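Encoded as structure tokens, the structure appears first; notes follow it.
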Amino acid sequence: MQVEGNIVDIENRVIFKARLEITNSVIGKIEPINTDKVLPYILPGFIDAHVHIESSMLVPSEFARLAVVHGTVATVSDPHEIGNVMGKQGVKYMIESGEKVNFKFYFGAPSCVPATIFETSGATITVDDIHDLFETTDIKYLAEMMNWPGVLNQDPEVMAKIKLAVKYRKKVDGHAPGLKGEEARKYIAAGISTDHECFTAEEALDKLKYGMKIIIREGSAAKNFDALIQLIDEDYENIMFCSDDKHPDNLVEGHINLLVRRAVHKGFDLFKVLKAACINPIDHYNLDVGKLREGDAADFIIVSDLKEFNVEQTYINGQLVADNGTSKIPFIKNSIINNFEINKVNPGDFRFSNLSNKVSVIEALDNQLITNRIDISIGDNQSPVNINNDILKIVVVNRFVHHHPSLGLIKNFNLKEGAIASSVAHDSHNIIAVGVDDESICKAVNLIIVEQGGISAVASGVERILPLPVAGLMSTEDGYWVADQYHEIDKMAKNMGSTLSAPFMTLSFMALLVIPSIKLSDKGLFDGEQFEFMELFHQ
């Protein structure tokens, strides 16, 4: 097979007209040509350097089917979410699904399952499990080490996992939001190589100084591109791009190509941007993805220009996998695995007890994973829920064992009626819901329990659910159908009053205890800065 175009040689910073000769999935020859014809541009494919495939609500084979349309040829994927539900079995499920299609998935071994001891997960991934994954599967790295206090305090199990990664010559991904100075230095010195959690340039520069690589994240909930893209001028060799968590409707719209386009539109150097998007992940993780050189795997994309980066074709191993917006990867039906053990709940399960005149409220922040703590005063024996002041009830229901729900209060969801709920609730993926009254919350939660996973919305006599039967996280249906269904339920939540850009994505992170300031687990309200439980009501 032969393909002609303007070759974008990123590492040598040149563009020239040439003909690619592809034989047996490999670029056999790149031959410069003289022609007056207007040719498209050929460049290496885009790589998402850190993503949880599960957050797309699609199994890996369907994620690939949608992603290739945008020029993505590979992902560095952390199966941490399904790991918290299904353990090692879940990790192997993701690998097997990914192997069904022509796409380059590189999965990591989850390092923190459960993420903390302050929540109930469905599984544990031990040092022995990680050893088994390194031995028996093509695991590329040790996935994000969220337990940074454990690293700093030399926790034996944490250090044993890092030591295993070193033994098998695997990179160790990081997760340390806000960590700076001496603590950042010690964390990085332990062998942590990347971080995708920086939300200020100051923090990222501090980590770069100590030898860490920074992954600029722009997902459906956390958006750090604007705060960090300036780093690419001086530190482009140590920068990568990622989505981290991307909902299906956003994946239909675009992927890493959108970050490349935005960076170029802002005036950043083309070759530096493409180095971050196409080359740096290959070098850092030692991926067998082609860099558009003779002898490389024929992984490349064809774009009409180097400003908009509209992808005309995507090739992986020399095979055309996307053509002018149409995926050539076939839909494949995947099997279902799950871990869902509870029965339906009652409205009475969500009533507050032991009211007092002061209460701590979670303040959700749009496009961020971090939250603020707000302390408010209420009248004696009055319900703290106040729709007019946007103080709503948030609950977490343990889905692995029967237990009384955990209750809290939250601001910035702005629902004026009903409730929304989800079994996608990082990191342990219990059921989380926000609503204006106990009856609506109960209905939204029960919809999920009946389907054994999903996202739901209840309002004005309307009940809607998108079932997610694979570990309560993913659908086995057509990815474009899932995206349409998600769009409709997201629109319903916004019609109910939510002003958040992605209400279900934001909801899914309100139980993520490793991100400050305060969150809610199935065991209670949690102070993410002191790393301990706190009282909801106090004097």
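Letters for chains follow the order of the structure tokens (A, B, ...), residue numbers begin at 1 for each chain, and ligand numbers begin at 1 in the order shown.
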Could you pull the residues within 10 Å of Ser360 of chain A, counting only C-alpha atoms, minus those fewer than 3 positions along the same chain, as a PDB file with N, CA and C atoms, in the first residue's frame?
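Generated output (around07.pdb):
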ATOM      1  N   GLU A 363     -19.064  22.225  48.664  1.00  0.00           N
ATOM      2  CA  GLU A 363     -19.281  23.123  47.537  1.00  0.00           C
ATOM      3  C   GLU A 363     -18.591  22.531  46.309  1.00  0.00           C
ATOM      4  N   ARG A 373     -15.235  23.679  51.416  1.00  0.00           N
ATOM      5  CA  ARG A 373     -16.075  23.427  52.588  1.00  0.00           C
ATOM      6  C   ARG A 373     -16.756  24.732  52.981  1.00  0.00           C
ATOM      7  N   ILE A 374     -18.065  24.661  53.158  1.00  0.00           N
ATOM      8  CA  ILE A 374     -18.842  25.807  53.621  1.00  0.00           C
ATOM      9  C   ILE A 374     -19.568  25.405  54.900  1.00  0.00           C
ATOM     10  N   ASP A 375     -19.451  26.180  55.950  1.00  0.00           N
ATOM     11  CA  ASP A 375     -20.191  25.951  57.190  1.00  0.00           C
ATOM     12  C   ASP A 375     -21.333  26.957  57.254  1.00  0.00           C
ATOM     13  N   ILE A 376     -22.560  26.467  57.396  1.00  0.00           N
ATOM     14  CA  ILE A 376     -23.717  27.357  57.453  1.00  0.00           C
ATOM     15  C   ILE A 376     -24.515  27.111  58.724  1.00  0.00           C
ATOM     16  N   SER A 377     -25.265  28.116  59.139  1.00  0.00           N
ATOM     17  CA  SER A 377     -26.125  28.019  60.307  1.00  0.00           C
ATOM     18  C   SER A 377     -27.571  27.852  59.864  1.00  0.00           C
ATOM     19  N   GLY A 408     -25.191  13.726  53.354  1.00  0.00           N
ATOM     20  CA  GLY A 408     -24.471  14.989  53.417  1.00  0.00           C
ATOM     21  C   GLY A 408     -25.266  16.080  52.730  1.00  0.00           C
ATOM     22  N   LEU A 409     -24.639  17.223  52.568  1.00  0.00           N
ATOM     23  CA  LEU A 409     -25.250  18.376  51.904  1.00  0.00           C
ATOM     24  C   LEU A 409     -24.287  18.931  50.868  1.00  0.00           C
ATOM     25  N   ILE A 410     -24.829  19.495  49.806  1.00  0.00           N
ATOM     26  CA  ILE A 410     -23.980  19.954  48.717  1.00  0.00           C
ATOM     27  C   ILE A 410     -24.558  21.210  48.071  1.00  0.00           C
ATOM     28  N   ILE A 518     -13.563  18.493  50.923  1.00  0.00           N
ATOM     29  CA  ILE A 518     -14.392  17.507  51.605  1.00  0.00           C
ATOM     30  C   ILE A 518     -15.221  16.741  50.584  1.00  0.00           C
ATOM     31  N   LEU A 525     -18.986  11.686  55.989  1.00  0.00           N
ATOM     32  CA  LEU A 525     -18.381  12.898  55.452  1.00  0.00           C
ATOM     33  C   LEU A 525     -16.896  12.888  55.767  1.00  0.00           C
ATOM     34  N   MET A 534     -15.310  13.622  59.404  1.00  0.00           N
ATOM     35  CA  MET A 534     -15.731  14.830  60.093  1.00  0.00           C
ATOM     36  C   MET A 534     -17.237  14.758  60.340  1.00  0.00           C
ATOM     37  N   GLU A 535     -17.705  15.558  61.244  1.00  0.00           N
ATOM     38  CA  GLU A 535     -19.122  15.584  61.561  1.00  0.00           C
ATOM     39  C   GLU A 535     -19.870  16.458  60.552  1.00  0.00           C
ATOM     40  N   LEU A 536     -21.049  15.984  60.134  1.00  0.00           N
ATOM     41  CA  LEU A 536     -21.906  16.778  59.264  1.00  0.00           C
ATOM     42  C   LEU A 536     -22.541  17.928  60.049  1.00  0.00           C
ATOM     43  N   PHE A 537     -23.152  17.582  61.183  1.00  0.00           N
ATOM     44  CA  PHE A 537     -23.773  18.584  62.051  1.00  0.00           C
ATOM     45  C   PHE A 537     -22.876  18.848  63.252  1.00  0.00           C
ATOM     46  N   HIS A 538     -22.762  20.102  63.636  1.00  0.00           N
ATOM     47  CA  HIS A 538     -21.938  20.439  64.795  1.00  0.00           C
ATOM     48  C   HIS A 538     -22.426  21.741  65.401  1.00  0.00           C
TER      49      HIS A 538
END
Residues near Ile139 of chain A, cut-off 8 Å, only C-alpha atoms, skip fewer than 5 positions along chain, as a list in words:
Tyr106, Phe107, Gly108, Ala109, Leu133 and Phe134 of chain A
Tell me, as an MDAnalysis selection string, which residues lie within 9 Å of Ser111 of chain A, counting only C-alpha atoms; anything in the same chain fewer than 3 positions away does not count.
chainID A and resid 80 108 114:115 125:127 130 142:147 158 161:162
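Compared by their closest atoms to Ala184 of chain A, and using only C-alpha atoms, the residues A:Arg261, A:Lys207, A:Lys416, A:Arg464 rank with A:Lys207 nearest.
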Leaving out segment 453-458 of chain A and any residue of its chain fewer than 5 positions from it, which residues lie within 8 Å of it when counting only C-alpha atoms, given as number ranges by chain?
A: 340, 418-424, 440, 443-445, 447-448, 463-473, 489, 492-493, 504
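Proximity of A:Thr326, A:Gln154, A:Asn389, A:Asn317 to Lys291 of chain A, computed with only C-alpha atoms, is greatest for A:Asn317.
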Determine, for each residue of segment 281-398 of chain A having at least one atom at most 12 Å from an atom of segment 269-274 of chain A, the closest pair of atoms and their separation in Å to one decimal, counting only C-alpha atoms; order by chain and ascending number, as a Markdown table.
| residue | atom | partner | partner_atom | distance |
| --- | --- | --- | --- | --- |
| A:Pro281 | CA | A:Leu274 | CA | 11.1 |
| A:Lys291 | CA | A:Leu274 | CA | 11.1 |
| A:Asp305 | CA | A:Leu270 | CA | 11.8 |
| A:Leu306 | CA | A:Leu270 | CA | 8.0 |
| A:Lys307 | CA | A:Leu270 | CA | 8.9 |
| A:Glu308 | CA | A:Leu270 | CA | 11.8 |
| A:Phe309 | CA | A:Leu274 | CA | 11.1 |
Export of the given selection (C-alpha atoms) as a PDB file, in the first residue's frame:
ATOM      1  CA  PRO A 281       4.015   9.104  25.606  1.00  0.00           C
ATOM      2  CA  LYS A 291       6.527   7.579  15.105  1.00  0.00           C
ATOM      3  CA  ASP A 305      -4.381  21.114   7.528  1.00  0.00           C
ATOM      4  CA  LEU A 306      -2.189  21.873  10.536  1.00  0.00           C
ATOM      5  CA  LYS A 307      -4.505  24.358  12.175  1.00  0.00           C
ATOM      6  CA  GLU A 308      -7.888  22.689  12.592  1.00  0.00           C
ATOM      7  CA  PHE A 309      -6.562  19.087  12.548  1.00  0.00           C
TER       8      PHE A 309
END
What are the DSSP strand (DSSP E or B) residues of segment 148-209 of chain A, as an mmCIF file with N, CA and C atoms, in the first residue's frame?
data_model
loop_
_atom_site.group_PDB
_atom_site.id
_atom_site.type_symbol
_atom_site.label_atom_id
_atom_site.label_comp_id
_atom_site.auth_asym_id
_atom_site.auth_seq_id
_atom_site.Cartn_x
_atom_site.Cartn_y
_atom_site.Cartn_z
ATOM 1 N N LYS A 171 7.132 2.043 34.484
ATOM 2 C CA LYS A 171 6.973 3.396 35.006
ATOM 3 C C LYS A 171 5.898 3.400 36.099
ATOM 4 N N VAL A 172 5.993 4.384 36.989
ATOM 5 C CA VAL A 172 4.990 4.560 38.039
ATOM 6 C C VAL A 172 4.315 5.911 37.831
ATOM 7 N N ASP A 173 3.004 5.880 37.618
ATOM 8 C CA ASP A 173 2.244 7.113 37.443
ATOM 9 C C ASP A 173 1.898 7.722 38.793
ATOM 10 N N GLY A 174 1.788 9.042 38.810
ATOM 11 C CA GLY A 174 1.492 9.749 40.040
ATOM 12 C C GLY A 174 0.100 10.337 40.084
ATOM 13 N N THR A 194 5.082 10.722 36.773
ATOM 14 C CA THR A 194 4.157 11.656 36.112
ATOM 15 C C THR A 194 3.130 12.175 37.108
ATOM 16 N N ASP A 195 2.467 13.258 36.729
ATOM 17 C CA ASP A 195 1.273 13.698 37.457
ATOM 18 C C ASP A 195 0.333 14.375 36.476
#
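For the residues A:Ile10, A:Cys198, A:Ile256, A:Ala297, ranking by smallest atom-to-atom distance to Lys104 of chain A using only C-alpha atoms places A:Ala297 first.
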Which residues are near Gly83 of chain A? Cut-off 8 Å, only C-alpha atoms, ignore same chain within fewer than 2 positions. Put them as a list in words.
Pro79, His80, Glu81, Val85, Met86, Gly87, Lys88, Gln89, Gly90, Val91, Pro110, Val113, Ala123, Thr124 and Ile125 of chain A
Show which residues sit within 8 Å of Ala483 of chain A, as a ChimeraX atom specification. Count only C-alpha atoms, and ignore same-chain residues fewer than 5 positions away.
/A:247-249,252
Resulting file, chosen residues, N, CA and C atoms, as a short mmCIF file (atom, residue, chain, number, x, y, z; two decimals), in the first residue's frame:
data_model
loop_
_atom_site.label_atom_id
_atom_site.label_comp_id
_atom_site.auth_asym_id
_atom_site.auth_seq_id
_atom_site.Cartn_x
_atom_site.Cartn_y
_atom_site.Cartn_z
N HIS A 247 -16.72 11.58 29.15
CA HIS A 247 -18.03 10.98 28.96
C HIS A 247 -18.31 10.73 27.48
N PRO A 248 -19.24 9.83 27.15
CA PRO A 248 -19.40 9.39 25.76
C PRO A 248 -19.77 10.50 24.79
N ASP A 249 -20.62 11.45 25.23
CA ASP A 249 -21.00 12.52 24.31
C ASP A 249 -19.81 13.40 23.95
N VAL A 252 -17.60 11.60 21.36
CA VAL A 252 -18.12 11.73 20.01
C VAL A 252 -17.67 13.05 19.39
#
Counting only C-alpha atoms, the residue among A:Ser77, A:Gln539, A:Asn310, A:Asn334 that lies closest to Lys140 of chain A is A:Ser77
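If you measure from each of A:Val151, A:Leu320, A:Ala221, A:Leu259 to Phe509 of chain A using only C-alpha atoms, the closest one turns out to be A:Ala221.
Considering only C-alpha atoms, the residue among A:Gln2, A:Thr200, A:Asn153, A:Ser327 positioned nearest to Ile229 of chain A is A:Thr200.
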Could you please write out, as a ChimeraX atom specification, every residue of segment 210-395 of chain A that DSSP assigns to alpha helix (DSSP H)?
/A:225-228,232-235,248-253,256-265,270-274,280-285
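Distance-wise, atom CA of Phe413 of chain A and atom CA of Thr506 of chain A end up 9.0 Å apart.
What separates atom CA of Gly295 of chain A from atom CA of Asn24 of chain A is a distance of 10.7 Å.
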Neighbouring residues of Val311 of chain A were defined as those with any atom within 8 Å, considering only C-alpha atoms; residues of the same chain fewer than 6 positions away were excluded. Please report them as a count of residues only.
9
